Amino acid sequence: MIRNGHSRAVGYVPVSATVRPMPSGLDTPQGAAELAESLLPPLGNRWLHTQAVAARAQEASAAVPEEDRDLLVAAAWLHDLGYAPELRDTGFHPIDGARHLESLGAPARLVRLVAHHSGAVYEAEQRGLTAELDAYEREDSPVLDALIYADMTTGPAGQSFDFDRRIDEILERYAEGSEVHNAISKARPYLGAAVERTRARLAG
């Protein structure tokens with residue numbers, strides 16, 4: 001992947017630098033994958049996780065309307081984009097990723113899905129960032145459910161986990177009382193319900 005001097009994918013120009021918003025392919029799997037590949041490989045396991053989540057989202061795409069399947073996979077490629085050090089703003093990756101996508105002129109639904117993936121509202125509360133996250137409306141839809149399913153059944157290095165194992169490993173990775181540990185503990189019923197809805201749609 002060719003990068004420019006700011007570690008951004010060539011061709012991804014912030015809206016502020018253009019006369020009009022650039023044509024966006026970021027809500028397509030190819031465009032999203034290219035942007036993710038321009039920023040995440042140095043993060044090691046985070047990049048392995050991202051690739052596996054995208055593959056799992058593709059597998060789960062039958063759980064969403066046909067017209068939303070590319071969007072689901074694109075959101076999976078980009079869900080952890082905000083971990084890239086050069087995008088760090090609030091320090092909370094769903095918001096930082098959403099803000100970057102917004103600056104690139106990405107479609108609003110894609111931005112919102114990244115902002116709200118995997119129960120982000122629970123961690124935003126822990127971090128005192130509820131108002132910042134509220135700038136992005138959450139859609140409660142099969143697409144968000146399937147994105148949660150893909151993330152919450154994929155381990156930190158791309159392993160295939162069942163839901164309970166994935167939640168347990170997060171709780172083990174983050175110290176009790178930490179923002180992430182508290183948020184995931186509270187979010188577990190919400191996340192589990194999204195996973196079950198997706199499984200039911202796939203089975204149906």
# chains A, B, ... in the order shown; residues from 1 in each chain; ligands from 1
$ residues_around --residues "A:Met152" --least-positions-apart "6" --cutoff "9 Å" --atoms "only C-alpha atoms" --output "list in words"
Val53, Ser118, Phe161, Asp162, Phe163, Asp164, Arg166, Ile167, Leu191, Gly192 and Val195 of chain A
$ select_by_dssp --residues "stretch 52-194 of chain A" --states "helix (DSSP H, G or I)" --output "JSON, numbers by chain"
{"A": [52, 53, 54, 55, 56, 57, 58, 59, 61, 62, 63, 66, 67, 68, 69, 70, 71, 72, 73, 74, 75, 76, 77, 78, 81, 82, 83, 85, 86, 87, 93, 94, 95, 96, 97, 98, 99, 100, 101, 102, 103, 108, 109, 110, 111, 112, 113, 114, 115, 120, 121, 122, 123, 124, 125, 126, 127, 130, 131, 132, 133, 142, 143, 144, 145, 146, 147, 148, 149, 150, 151, 163, 164, 165, 166, 167, 168, 169, 170, 171, 172, 173, 179, 180, 181, 182, 183, 184, 185, 186, 187, 188, 189, 190, 191, 192, 193, 194]}
$ residues_around --residues "A:Gly204" --least-positions-apart "2" --cutoff "12 Å" --atoms "only C-alpha atoms" --output "list in words"
Ala62, Ala63, Val64, Arg197, Thr198, Arg199, Ala200, Arg201 and Leu202 of chain A
$ residues_around --residues "stretch 119-126 of chain A" --least-positions-apart "4" --cutoff "10 Å" --atoms "only C-alpha atoms" --output "NGL selection string"
:A and (92-95 or 114-115 or 130-134 or 138 or 144 or 148 or 178-188 or 190-191 or 194)
$ atom_distance --atom1 "atom CA of A:Gly158" --atom2 "atom CA of A:Glu102"
27.0 Å
$ residues_around --residues "stretch 70-87 of chain A" --least-positions-apart "6" --cutoff "8 Å" --atoms "only C-alpha atoms" --output "ChimeraX atom specification"
/A:7,26-33,35-36,39-40,43,46,50-51,53-55,57-58,61,93-98,100,110,113-115,117,143-144,146-147,150-151
$ atom_distance --atom1 "atom CA of A:Leu101" --atom2 "atom CA of A:Ala135"
13.8 Å
$ select_by_dssp --residues "chain A" --states "strand (DSSP E or B)" --output "list in words"
Arg3, Ala9, Thr154 and Ser160 of chain A
$ write_last_selection --atoms "C-alpha atoms" --output "PDB file, in the first residue's frame"
ATOM      1  CA  ARG A   3       1.291   6.048   1.604  1.00  0.00           C
ATOM      2  CA  ALA A   9      -3.706   6.388   1.800  1.00  0.00           C
ATOM      3  CA  THR A 154     -13.220 -12.596  16.730  1.00  0.00           C
ATOM      4  CA  SER A 160     -12.430 -17.403  15.969  1.00  0.00           C
TER       5      SER A 160
END
$ atom_distance --atom1 "atom CA of A:Glu137" --atom2 "atom CA of A:Arg112"
6.3 Å
$ closest_residue --among "A:Glu59, A:Glu66, A:Asp89, A:Glu169" --to "A:Tyr149" --atoms "only C-alpha atoms"
A:Glu59
$ decode --residues "stretch 17-62 of chain A" --atoms "N, CA and C atoms" --output "CSV table (one decimal), in the first residue's frame"
chain,number,residue,atom,x,y,z
A,17,ALA,N,-9.5,20.0,2.5
A,17,ALA,CA,-8.5,20.4,1.5
A,17,ALA,C,-9.1,20.4,0.1
A,18,THR,N,-10.3,20.2,-0.1
A,18,THR,CA,-10.9,20.1,-1.4
A,18,THR,C,-12.0,21.2,-1.6
A,19,VAL,N,-12.3,21.4,-2.8
A,19,VAL,CA,-13.4,22.4,-3.1
A,19,VAL,C,-14.8,21.7,-2.8
A,20,ARG,N,-14.8,20.4,-3.1
A,20,ARG,CA,-16.1,19.7,-2.8
A,20,ARG,C,-15.7,18.3,-2.2
A,21,PRO,N,-16.6,17.6,-1.5
A,21,PRO,CA,-16.2,16.3,-1.0
A,21,PRO,C,-15.8,15.4,-2.1
A,22,MET,N,-14.8,14.6,-1.8
A,22,MET,CA,-14.3,13.6,-2.8
A,22,MET,C,-15.3,12.5,-3.0
A,23,PRO,N,-15.3,12.0,-4.2
A,23,PRO,CA,-16.1,10.8,-4.4
A,23,PRO,C,-15.7,9.7,-3.4
A,24,SER,N,-16.6,9.1,-2.7
A,24,SER,CA,-16.2,8.2,-1.7
A,24,SER,C,-16.5,6.7,-2.0
A,25,GLY,N,-15.4,5.9,-2.0
A,25,GLY,CA,-15.6,4.5,-2.1
A,25,GLY,C,-15.4,3.8,-0.7
A,26,LEU,N,-15.4,4.6,0.3
A,26,LEU,CA,-15.1,4.1,1.6
A,26,LEU,C,-16.2,3.1,2.2
A,27,ASP,N,-17.4,3.2,1.6
A,27,ASP,CA,-18.4,2.3,2.0
A,27,ASP,C,-18.5,1.0,1.2
A,28,THR,N,-17.4,0.8,0.4
A,28,THR,CA,-17.2,-0.5,-0.3
A,28,THR,C,-16.1,-1.3,0.4
A,29,PRO,N,-16.2,-2.6,0.3
A,29,PRO,CA,-15.1,-3.4,0.9
A,29,PRO,C,-13.7,-3.0,0.4
A,30,GLN,N,-13.6,-2.8,-0.9
A,30,GLN,CA,-12.3,-2.5,-1.4
A,30,GLN,C,-11.7,-1.2,-0.9
A,31,GLY,N,-12.6,-0.1,-1.0
A,31,GLY,CA,-12.1,1.2,-0.5
A,31,GLY,C,-11.8,1.2,1.0
A,32,ALA,N,-12.7,0.5,1.8
A,32,ALA,CA,-12.4,0.5,3.2
A,32,ALA,C,-11.2,-0.3,3.5
A,33,ALA,N,-11.0,-1.4,2.8
A,33,ALA,CA,-9.8,-2.2,3.1
A,33,ALA,C,-8.5,-1.5,2.8
A,34,GLU,N,-8.5,-0.7,1.7
A,34,GLU,CA,-7.4,0.1,1.3
A,34,GLU,C,-7.0,1.2,2.4
A,35,LEU,N,-8.1,1.8,2.9
A,35,LEU,CA,-7.8,2.8,4.0
A,35,LEU,C,-7.3,2.1,5.2
A,36,ALA,N,-7.9,1.0,5.6
A,36,ALA,CA,-7.5,0.3,6.8
A,36,ALA,C,-6.0,-0.2,6.6
A,37,GLU,N,-5.7,-0.6,5.4
A,37,GLU,CA,-4.3,-1.1,5.2
A,37,GLU,C,-3.3,0.0,5.2
A,38,SER,N,-3.7,1.2,5.0
A,38,SER,CA,-2.8,2.4,5.0
A,38,SER,C,-2.5,2.8,6.4
A,39,LEU,N,-3.2,2.3,7.4
A,39,LEU,CA,-3.0,2.8,8.8
A,39,LEU,C,-2.8,1.8,9.9
A,40,LEU,N,-3.3,0.6,9.7
A,40,LEU,CA,-3.4,-0.4,10.8
A,40,LEU,C,-2.3,-1.4,10.8
A,41,PRO,N,-1.6,-1.8,9.7
A,41,PRO,CA,-0.6,-2.9,9.8
A,41,PRO,C,0.5,-2.7,10.9
A,42,PRO,N,1.0,-1.5,11.1
A,42,PRO,CA,2.0,-1.3,12.2
A,42,PRO,C,1.5,-1.7,13.6
A,43,LEU,N,0.2,-1.9,13.7
A,43,LEU,CA,-0.4,-2.2,15.1
A,43,LEU,C,-0.4,-3.7,15.3
A,44,GLY,N,0.1,-4.5,14.4
A,44,GLY,CA,0.3,-5.9,14.7
A,44,GLY,C,-1.0,-6.7,14.8
A,45,ASN,N,-1.3,-7.2,16.1
A,45,ASN,CA,-2.5,-7.9,16.3
A,45,ASN,C,-3.8,-7.2,16.0
A,46,ARG,N,-3.8,-5.9,16.1
A,46,ARG,CA,-5.0,-5.1,15.8
A,46,ARG,C,-5.3,-5.2,14.3
A,47,TRP,N,-4.2,-5.3,13.5
A,47,TRP,CA,-4.5,-5.5,12.0
A,47,TRP,C,-4.9,-6.9,11.8
A,48,LEU,N,-4.4,-7.9,12.4
A,48,LEU,CA,-4.9,-9.3,12.3
A,48,LEU,C,-6.3,-9.4,12.7
A,49,HIS,N,-6.7,-8.7,13.8
A,49,HIS,CA,-8.1,-8.7,14.2
A,49,HIS,C,-9.0,-8.1,13.2
A,50,THR,N,-8.6,-6.9,12.7
A,50,THR,CA,-9.4,-6.2,11.7
A,50,THR,C,-9.6,-7.1,10.5
A,51,GLN,N,-8.6,-7.7,9.9
A,51,GLN,CA,-8.8,-8.6,8.7
A,51,GLN,C,-9.8,-9.7,9.0
A,52,ALA,N,-9.7,-10.3,10.2
A,52,ALA,CA,-10.5,-11.4,10.5
A,52,ALA,C,-12.0,-10.9,10.8
A,53,VAL,N,-12.2,-9.8,11.4
A,53,VAL,CA,-13.5,-9.2,11.6
A,53,VAL,C,-14.2,-9.0,10.2
A,54,ALA,N,-13.4,-8.4,9.3
A,54,ALA,CA,-13.9,-8.2,7.9
A,54,ALA,C,-14.4,-9.5,7.3
A,55,ALA,N,-13.5,-10.5,7.4
A,55,ALA,CA,-13.9,-11.9,6.9
A,55,ALA,C,-15.1,-12.4,7.5
A,56,ARG,N,-15.2,-12.2,8.9
A,56,ARG,CA,-16.4,-12.7,9.6
A,56,ARG,C,-17.7,-11.9,9.2
A,57,ALA,N,-17.5,-10.6,8.9
A,57,ALA,CA,-18.6,-9.8,8.5
A,57,ALA,C,-19.1,-10.3,7.1
A,58,GLN,N,-18.2,-10.7,6.2
A,58,GLN,CA,-18.5,-11.2,4.9
A,58,GLN,C,-19.3,-12.5,5.1
A,59,GLU,N,-18.9,-13.3,6.0
A,59,GLU,CA,-19.6,-14.6,6.2
A,59,GLU,C,-21.0,-14.3,6.8
A,60,ALA,N,-21.2,-13.3,7.6
A,60,ALA,CA,-22.5,-13.0,8.2
A,60,ALA,C,-23.3,-12.0,7.3
A,61,SER,N,-22.9,-11.7,6.1
A,61,SER,CA,-23.6,-10.7,5.4
A,61,SER,C,-25.0,-11.1,5.0
A,62,ALA,N,-25.3,-12.4,5.0
A,62,ALA,CA,-26.6,-12.9,4.7
A,62,ALA,C,-27.7,-12.4,5.7
